[in-house]
Amino acid sequence: MTTTSTTASTTASTTMRQRAATTVTGDAERLIRLSEQLHANPETGWQEHNSSRWVAESLEEAGFTVTPAYLGLDTAFLATFGSGPFRLGLCAEYDALPGLGHACGHNLISAITVGAARALAPLADAAGLTIEVYGTPAEEGGGGKIELLERGAFAGLDLAMMAHPAPVDVAEAEPFAVSHSHVEFRGKAAHAAAYPEQGVNAADAFTIAQVAIGLLRQQLPPTVRVHGVMTNGGEAPNAIPALTEGRWYVRAESLAQLAETEEKVWRCFEAGALATGATLTVEPESKPYAEFRTFAPALASYRRNAEELGRVFDDHSPARRMNRASTDMGNVSQVVNAIHPYVGINSGTALNHQPEFAAHCVGGDAEKAILDAATALAWTALDVAGEATAR
């Protein structure tokens with residue numbers, strides 16, 4: 001490439017970056033309104049009927065072609081714009097946590113994704129982009145992206161991206177692989193005072209399993225997490241519980257390590273069944289979430305762009321560990337190039353999945369995070385697509 005053509009290319013790239021940033025700034029009120037609307041009306045996984053519609057409508061207004069109920073999932077959608085050779089996928093999440101609302105900030109993810117998509121749409125032809133926005137339901141344990149993957153979504157993308165809120169900015173996602181399971185013990189009810197010997201105590205089975213898991217932890221590597229809750233512990237103190245239920249997560253460094261760990265954990269539950277005579281049933285709530293495979297060139301670009309916008313990456317803050325949280329975006333990263341950076345909302349001691357964090361997902365710092373992350377993602381798309389075109 002000659003000096004003249006190189007200069008022209010650089011000028012064109014600078015102009016597109018400036019246009020993208022200007023579009024995000026011009027959309028600020030719209031993006032903040034969308035975030036606040038989602039935050040005020042939290043919907044849990046697979047129930048995000050209003051949320052998915054509001055996000056899709058904000059893209060349709062910008063000229064995107066929207067396919068609702070994408071691939072047969074009621075609260076998923078696909079929104080597309082452009083016809084360039086570089087296929088860019090942007091993921092929107094909008095499910096809330098049961099009882100905690102948007103304590104993980106998925107309202108911000110949607111606004112960031114919409115902001116980046118709307119910023120890139122007017123540049124699609126010049127940048128050689130086809131923009132595909134995926135509305136992905138049920139990230140909080142339901143594996144919406146995995147369901148979409150298995151139905152053919154994301155195939156052939158050149159790059160998939162999203163940005164997730166956290167207390168501080170972190171560039172690289174390093175999530176645990178995770179499985180989500182529903183655990184059930186069935187025993188036999190009996191009067192706890194008059195006929196206790198006639199009962200089979202399903203609550204005792206759960207207690208034995210939990211004690212066994214607690215003892216197992218000494219033999220587990222530091223890259224493993226095992227945790228869960230009992231969702232049904234019985235109905236009356238004077239009745240031997242005939243049914244107990246719970247939800248349990250097993251996390252590990254990789255899918256391979258996860259499979260090894262699960263065998264040990266399920267033996268703990270089997271011990272509860274064996275000791276009490278209860279019947280054990282374990283049902284997966286979703287396919288396992290995979291570890292993340294980061295596309296390094298795109299991540300380096302995102303970090304440069306975020307720093308240009310004034311974002312600071314604190315690589316030593318304890319609050320940066322949100323990047324270890326499991327995500328079904330890990331499964332997407334196994335089949336296409338992907339990044340999943342974290343944008344800080346300056347929440348101090350309030351951390352993801354706490355009510356206090358939900359309160360920080362609206363307001364000044366959250367609004368700045370929307371605009372910065374949307375701009376940084378848009379710039380990153382332009383960088384990576386431009387490099388691909390130049391090759």
# chains A, B, ... in the order shown; residues from 1 in each chain; ligands from 1

call {"tool": "residues_around", "arguments": {"residues": "A:Ser333", "least_positions_apart": "3", "cutoff": "12 Å", "atoms": "only C-alpha atoms", "output": "JSON, numbers by chain"}}
result
{"A": [89, 91, 145, 146, 149, 154, 155, 157, 158, 159, 160, 161, 162, 173, 174, 175, 289, 290, 291, 292, 293, 294, 295, 296, 327, 328, 329, 330, 336, 337, 338, 339, 340]}

call {"tool": "residues_around", "arguments": {"residues": "A:Glu43", "least_positions_apart": "3", "cutoff": "10 Å", "atoms": "only C-alpha atoms", "output": "list in words"}}
result
Leu38, His39, Ala40, Trp46, Gln47, Glu48, His49, Asn50, Ser51, Ser52, Tyr94, Asp95, Ala96, Leu97, Pro98, Gly101, His102 and Ala138 of chain A

call {"tool": "residues_around", "arguments": {"residues": "A:Gly144", "least_positions_apart": "3", "cutoff": "9 Å", "atoms": "only C-alpha atoms", "output": "list in words"}}
result
Gly45, Trp46, Leu73, Ala76, Thr136, Pro137, Ala138, Glu139, Glu140, Gly141, Glu147, Leu148, Leu149, Ser286 and Asp328 of chain A

call {"tool": "write_last_selection", "arguments": {"atoms": "all heavy atoms", "output": "tab-separated table (two decimals), in the first residue's frame"}}
result
chain	number	residue	atom	x	y	z
A	45	GLY	N	-35.14	-15.64	33.53
A	45	GLY	CA	-34.82	-16.42	32.34
A	45	GLY	C	-36.01	-17.12	31.72
A	45	GLY	O	-36.82	-17.73	32.41
A	46	TRP	N	-36.10	-17.03	30.41
A	46	TRP	CA	-37.16	-17.59	29.56
A	46	TRP	C	-38.49	-16.86	29.71
A	46	TRP	O	-39.44	-17.20	29.03
A	46	TRP	CB	-37.37	-19.10	29.82
A	46	TRP	CG	-36.14	-19.93	29.69
A	46	TRP	CD1	-35.57	-20.68	30.66
A	46	TRP	CD2	-35.32	-20.10	28.52
A	46	TRP	NE1	-34.45	-21.31	30.19
A	46	TRP	CE2	-34.27	-20.98	28.88
A	46	TRP	CE3	-35.38	-19.59	27.22
A	46	TRP	CZ2	-33.28	-21.36	27.98
A	46	TRP	CZ3	-34.38	-19.98	26.33
A	46	TRP	CH2	-33.36	-20.84	26.71
A	73	LEU	N	-37.15	-20.00	20.03
A	73	LEU	CA	-37.08	-19.58	21.43
A	73	LEU	C	-37.86	-18.29	21.59
A	73	LEU	O	-37.51	-17.25	21.01
A	73	LEU	CB	-35.62	-19.39	21.86
A	73	LEU	CG	-34.73	-20.64	21.77
A	73	LEU	CD1	-33.30	-20.31	22.21
A	73	LEU	CD2	-35.29	-21.77	22.61
A	76	ALA	N	-35.97	-15.00	22.42
A	76	ALA	CA	-34.76	-14.70	21.66
A	76	ALA	C	-35.13	-13.91	20.41
A	76	ALA	O	-36.27	-13.94	19.96
A	76	ALA	CB	-34.04	-15.99	21.26
A	136	THR	N	-30.26	-12.88	23.58
A	136	THR	CA	-29.98	-14.19	24.15
A	136	THR	C	-30.61	-14.31	25.54
A	136	THR	O	-30.14	-13.70	26.49
A	136	THR	CB	-28.47	-14.45	24.24
A	136	THR	OG1	-27.86	-13.49	25.13
A	136	THR	CG2	-27.83	-14.31	22.86
A	137	PRO	N	-31.66	-15.10	25.67
A	137	PRO	CA	-32.35	-15.23	26.96
A	137	PRO	C	-31.62	-16.14	27.93
A	137	PRO	O	-30.70	-16.87	27.56
A	137	PRO	CB	-33.70	-15.85	26.56
A	137	PRO	CG	-33.40	-16.61	25.31
A	137	PRO	CD	-32.32	-15.85	24.60
A	138	ALA	N	-32.03	-16.06	29.20
A	138	ALA	CA	-31.69	-17.07	30.22
A	138	ALA	C	-30.21	-17.33	30.36
A	138	ALA	O	-29.79	-18.49	30.42
A	138	ALA	CB	-32.45	-18.36	29.92
A	139	GLU	N	-29.40	-16.28	30.47
A	139	GLU	CA	-27.98	-16.50	30.73
A	139	GLU	C	-27.76	-16.97	32.17
A	139	GLU	O	-26.82	-17.71	32.45
A	139	GLU	CB	-27.19	-15.21	30.47
A	139	GLU	CG	-25.68	-15.37	30.52
A	139	GLU	CD	-25.08	-15.31	31.92
A	139	GLU	OE1	-25.72	-14.71	32.82
A	139	GLU	OE2	-23.98	-15.85	32.11
A	140	GLU	N	-28.63	-16.54	33.08
A	140	GLU	CA	-28.47	-16.86	34.50
A	140	GLU	C	-28.91	-18.30	34.79
A	140	GLU	O	-29.89	-18.56	35.49
A	140	GLU	CB	-29.27	-15.87	35.37
A	140	GLU	CG	-28.79	-14.43	35.29
A	140	GLU	CD	-27.46	-14.20	36.00
A	140	GLU	OE1	-26.92	-15.17	36.60
A	140	GLU	OE2	-26.95	-13.08	35.97
A	141	GLY	N	-28.18	-19.25	34.24
A	141	GLY	CA	-28.42	-20.64	34.55
A	141	GLY	C	-29.22	-21.41	33.52
A	141	GLY	O	-29.27	-22.64	33.57
A	147	GLU	N	-28.57	-23.11	23.77
A	147	GLU	CA	-29.75	-23.53	23.00
A	147	GLU	C	-29.70	-22.94	21.60
A	147	GLU	O	-29.99	-23.61	20.60
A	147	GLU	CB	-31.03	-23.10	23.71
A	147	GLU	CG	-31.32	-23.85	25.00
A	147	GLU	CD	-31.63	-25.33	24.75
A	147	GLU	OE1	-32.20	-25.65	23.70
A	147	GLU	OE2	-31.31	-26.15	25.62
A	148	LEU	N	-29.33	-21.66	21.50
A	148	LEU	CA	-29.24	-21.02	20.19
A	148	LEU	C	-28.13	-21.66	19.35
A	148	LEU	O	-28.31	-21.90	18.14
A	148	LEU	CB	-28.98	-19.52	20.37
A	148	LEU	CG	-30.17	-18.69	20.85
A	148	LEU	CD1	-29.72	-17.29	21.26
A	148	LEU	CD2	-31.23	-18.59	19.77
A	149	LEU	N	-26.99	-21.92	19.97
A	149	LEU	CA	-25.89	-22.57	19.26
A	149	LEU	C	-26.32	-23.90	18.65
A	149	LEU	O	-26.03	-24.20	17.49
A	149	LEU	CB	-24.72	-22.83	20.22
A	149	LEU	CG	-23.65	-21.75	20.37
A	149	LEU	CD1	-22.74	-22.10	21.53
A	149	LEU	CD2	-22.83	-21.62	19.10
A	286	SER	N	-29.54	-27.03	32.35
A	286	SER	CA	-29.07	-26.56	31.04
A	286	SER	C	-27.86	-27.40	30.67
A	286	SER	O	-27.35	-28.18	31.48
A	286	SER	CB	-28.68	-25.08	31.08
A	286	SER	OG	-27.43	-24.91	31.74
A	328	ASP	N	-22.56	-18.46	29.50
A	328	ASP	CA	-22.76	-19.28	28.30
A	328	ASP	C	-22.14	-18.64	27.06
A	328	ASP	O	-22.10	-19.26	25.99
A	328	ASP	CB	-24.24	-19.60	28.06
A	328	ASP	CG	-25.14	-18.38	27.99
A	328	ASP	OD1	-24.63	-17.24	28.03
A	328	ASP	OD2	-26.37	-18.56	27.90

call {"tool": "select_by_dssp", "arguments": {"residues": "stretch 32-273 of chain A", "states": "alpha helix (DSSP H)", "output": "PyMOL selection string"}}
result
chain A and resi 32-40+49-60+106-120+124-127+144-150+202-216+255-273

call {"tool": "closest_residue", "arguments": {"among": "A:Asp27, A:Asp372, A:Glu356, A:Glu367", "to": "A:Glu308", "atoms": "only C-alpha atoms"}}
result
A:Asp372

call {"tool": "residues_around", "arguments": {"residues": "stretch 128-130 of chain A", "least_positions_apart": "2", "cutoff": "6 Å", "atoms": "only C-alpha atoms", "output": "list in words"}}
result
Phe81, Gly82, Ser83, Gly84, Pro85, Phe86, Arg87, Ala124, Asp125 and Ala126 of chain A

call {"tool": "atom_distance", "arguments": {"atom1": "atom CA of A:Ile240", "atom2": "atom CA of A:Phe206"}}
result
13.1 Å

call {"tool": "atom_distance", "arguments": {"atom1": "atom CA of A:Ser254", "atom2": "atom CA of A:Val335"}}
result
15.4 Å

call {"tool": "decode", "arguments": {"residues": "stretch 178-213 of chain A", "atoms": "N, CA, C and O atoms", "output": "tab-separated table (two decimals), in the first residue's frame"}}
result
chain	number	residue	atom	x	y	z
A	178	VAL	N	-19.24	-24.53	34.09
A	178	VAL	CA	-20.21	-24.78	35.16
A	178	VAL	C	-21.34	-25.68	34.67
A	178	VAL	O	-21.73	-25.64	33.50
A	179	SER	N	-21.85	-26.48	35.58
A	179	SER	CA	-23.08	-27.24	35.33
A	179	SER	C	-24.13	-26.79	36.35
A	179	SER	O	-23.80	-26.44	37.49
A	180	HIS	N	-25.39	-26.79	35.93
A	180	HIS	CA	-26.50	-26.38	36.78
A	180	HIS	C	-27.46	-27.56	36.88
A	180	HIS	O	-27.92	-28.06	35.85
A	181	SER	N	-27.76	-27.99	38.10
A	181	SER	CA	-28.56	-29.21	38.25
A	181	SER	C	-29.67	-29.02	39.27
A	181	SER	O	-29.51	-28.31	40.28
A	182	HIS	N	-30.79	-29.66	39.00
A	182	HIS	CA	-31.90	-29.76	39.95
A	182	HIS	C	-31.78	-31.10	40.65
A	182	HIS	O	-31.70	-32.15	39.99
A	183	VAL	N	-31.72	-31.08	41.98
A	183	VAL	CA	-31.54	-32.29	42.78
A	183	VAL	C	-32.82	-32.55	43.57
A	183	VAL	O	-33.38	-31.63	44.18
A	184	GLU	N	-33.25	-33.80	43.59
A	184	GLU	CA	-34.49	-34.16	44.29
A	184	GLU	C	-34.28	-35.47	45.05
A	184	GLU	O	-33.75	-36.44	44.51
A	185	PHE	N	-34.68	-35.46	46.32
A	185	PHE	CA	-34.77	-36.69	47.10
A	185	PHE	C	-36.24	-36.97	47.39
A	185	PHE	O	-36.97	-36.08	47.85
A	186	ARG	N	-36.66	-38.20	47.15
A	186	ARG	CA	-38.02	-38.62	47.49
A	186	ARG	C	-37.95	-39.71	48.56
A	186	ARG	O	-37.27	-40.72	48.40
A	187	GLY	N	-38.66	-39.44	49.67
A	187	GLY	CA	-38.72	-40.41	50.76
A	187	GLY	C	-40.15	-40.84	51.02
A	187	GLY	O	-40.92	-41.05	50.08
A	188	LYS	N	-40.53	-40.91	52.31
A	188	LYS	CA	-41.88	-41.33	52.68
A	188	LYS	C	-42.31	-40.53	53.89
A	188	LYS	O	-41.59	-40.47	54.89
A	189	ALA	N	-43.46	-39.90	53.81
A	189	ALA	CA	-43.97	-39.08	54.91
A	189	ALA	C	-44.46	-39.97	56.06
A	189	ALA	O	-44.91	-41.10	55.85
A	190	ALA	N	-44.35	-39.43	57.27
A	190	ALA	CA	-44.90	-40.09	58.46
A	190	ALA	C	-44.98	-39.06	59.58
A	190	ALA	O	-44.31	-38.03	59.55
A	191	HIS	N	-45.81	-39.34	60.56
A	191	HIS	CA	-45.92	-38.46	61.72
A	191	HIS	C	-44.60	-38.52	62.50
A	191	HIS	O	-44.16	-39.60	62.90
A	192	ALA	N	-43.99	-37.34	62.71
A	192	ALA	CA	-42.65	-37.30	63.29
A	192	ALA	C	-42.61	-37.73	64.75
A	192	ALA	O	-41.56	-38.14	65.26
A	193	ALA	N	-43.74	-37.65	65.46
A	193	ALA	CA	-43.78	-38.06	66.87
A	193	ALA	C	-44.37	-39.46	67.04
A	193	ALA	O	-43.84	-40.28	67.78
A	194	ALA	N	-45.47	-39.75	66.33
A	194	ALA	CA	-46.18	-41.01	66.55
A	194	ALA	C	-45.57	-42.19	65.79
A	194	ALA	O	-45.47	-43.30	66.31
A	195	TYR	N	-45.17	-41.96	64.53
A	195	TYR	CA	-44.69	-43.07	63.69
A	195	TYR	C	-43.40	-42.72	62.95
A	195	TYR	O	-43.27	-42.96	61.74
A	196	PRO	N	-42.39	-42.17	63.63
A	196	PRO	CA	-41.19	-41.74	62.88
A	196	PRO	C	-40.50	-42.88	62.16
A	196	PRO	O	-39.90	-42.68	61.10
A	197	GLU	N	-40.59	-44.10	62.75
A	197	GLU	CA	-39.91	-45.24	62.13
A	197	GLU	C	-40.52	-45.64	60.80
A	197	GLU	O	-39.92	-46.39	60.01
A	198	GLN	N	-41.74	-45.12	60.49
A	198	GLN	CA	-42.40	-45.45	59.23
A	198	GLN	C	-41.97	-44.52	58.09
A	198	GLN	O	-42.31	-44.76	56.95
A	199	GLY	N	-41.22	-43.47	58.44
A	199	GLY	CA	-40.84	-42.48	57.43
A	199	GLY	C	-39.49	-42.76	56.79
A	199	GLY	O	-38.65	-43.48	57.32
A	200	VAL	N	-39.31	-42.18	55.63
A	200	VAL	CA	-38.01	-42.12	54.96
A	200	VAL	C	-37.71	-40.64	54.76
A	200	VAL	O	-38.39	-39.95	53.99
A	201	ASN	N	-36.72	-40.14	55.50
A	201	ASN	CA	-36.55	-38.70	55.65
A	201	ASN	C	-35.72	-38.11	54.51
A	201	ASN	O	-34.48	-38.23	54.47
A	202	ALA	N	-36.40	-37.45	53.59
A	202	ALA	CA	-35.72	-36.84	52.44
A	202	ALA	C	-34.87	-35.65	52.84
A	202	ALA	O	-33.88	-35.34	52.18
A	203	ALA	N	-35.23	-34.99	53.97
A	203	ALA	CA	-34.41	-33.87	54.44
A	203	ALA	C	-33.08	-34.37	55.00
A	203	ALA	O	-32.04	-33.73	54.83
A	204	ASP	N	-33.11	-35.50	55.69
A	204	ASP	CA	-31.87	-36.09	56.18
A	204	ASP	C	-30.94	-36.45	55.02
A	204	ASP	O	-29.72	-36.29	55.12
A	205	ALA	N	-31.52	-36.94	53.93
A	205	ALA	CA	-30.71	-37.28	52.77
A	205	ALA	C	-29.95	-36.06	52.27
A	205	ALA	O	-28.76	-36.13	51.93
A	206	PHE	N	-30.64	-34.91	52.23
A	206	PHE	CA	-30.00	-33.68	51.78
A	206	PHE	C	-28.91	-33.26	52.76
A	206	PHE	O	-27.82	-32.81	52.36
A	207	THR	N	-29.17	-33.41	54.06
A	207	THR	CA	-28.18	-33.03	55.06
A	207	THR	C	-26.91	-33.86	54.91
A	207	THR	O	-25.79	-33.34	54.94
A	208	ILE	N	-27.06	-35.17	54.73
A	208	ILE	CA	-25.91	-36.05	54.55
A	208	ILE	C	-25.12	-35.64	53.31
A	208	ILE	O	-23.88	-35.58	53.33
A	209	ALA	N	-25.82	-35.35	52.22
A	209	ALA	CA	-25.16	-34.93	50.99
A	209	ALA	C	-24.37	-33.65	51.19
A	209	ALA	O	-23.20	-33.53	50.74
A	210	GLN	N	-24.96	-32.68	51.88
A	210	GLN	CA	-24.28	-31.40	52.08
A	210	GLN	C	-23.06	-31.55	52.99
A	210	GLN	O	-22.03	-30.92	52.76
A	211	VAL	N	-23.17	-32.39	54.01
A	211	VAL	CA	-22.01	-32.64	54.88
A	211	VAL	C	-20.90	-33.32	54.07
A	211	VAL	O	-19.72	-32.97	54.19
A	212	ALA	N	-21.27	-34.29	53.24
A	212	ALA	CA	-20.27	-34.98	52.42
A	212	ALA	C	-19.58	-34.02	51.46
A	212	ALA	O	-18.36	-34.11	51.26
A	213	ILE	N	-20.34	-33.10	50.88
A	213	ILE	CA	-19.74	-32.11	49.98
A	213	ILE	C	-18.80	-31.20	50.75
A	213	ILE	O	-17.69	-30.87	50.28
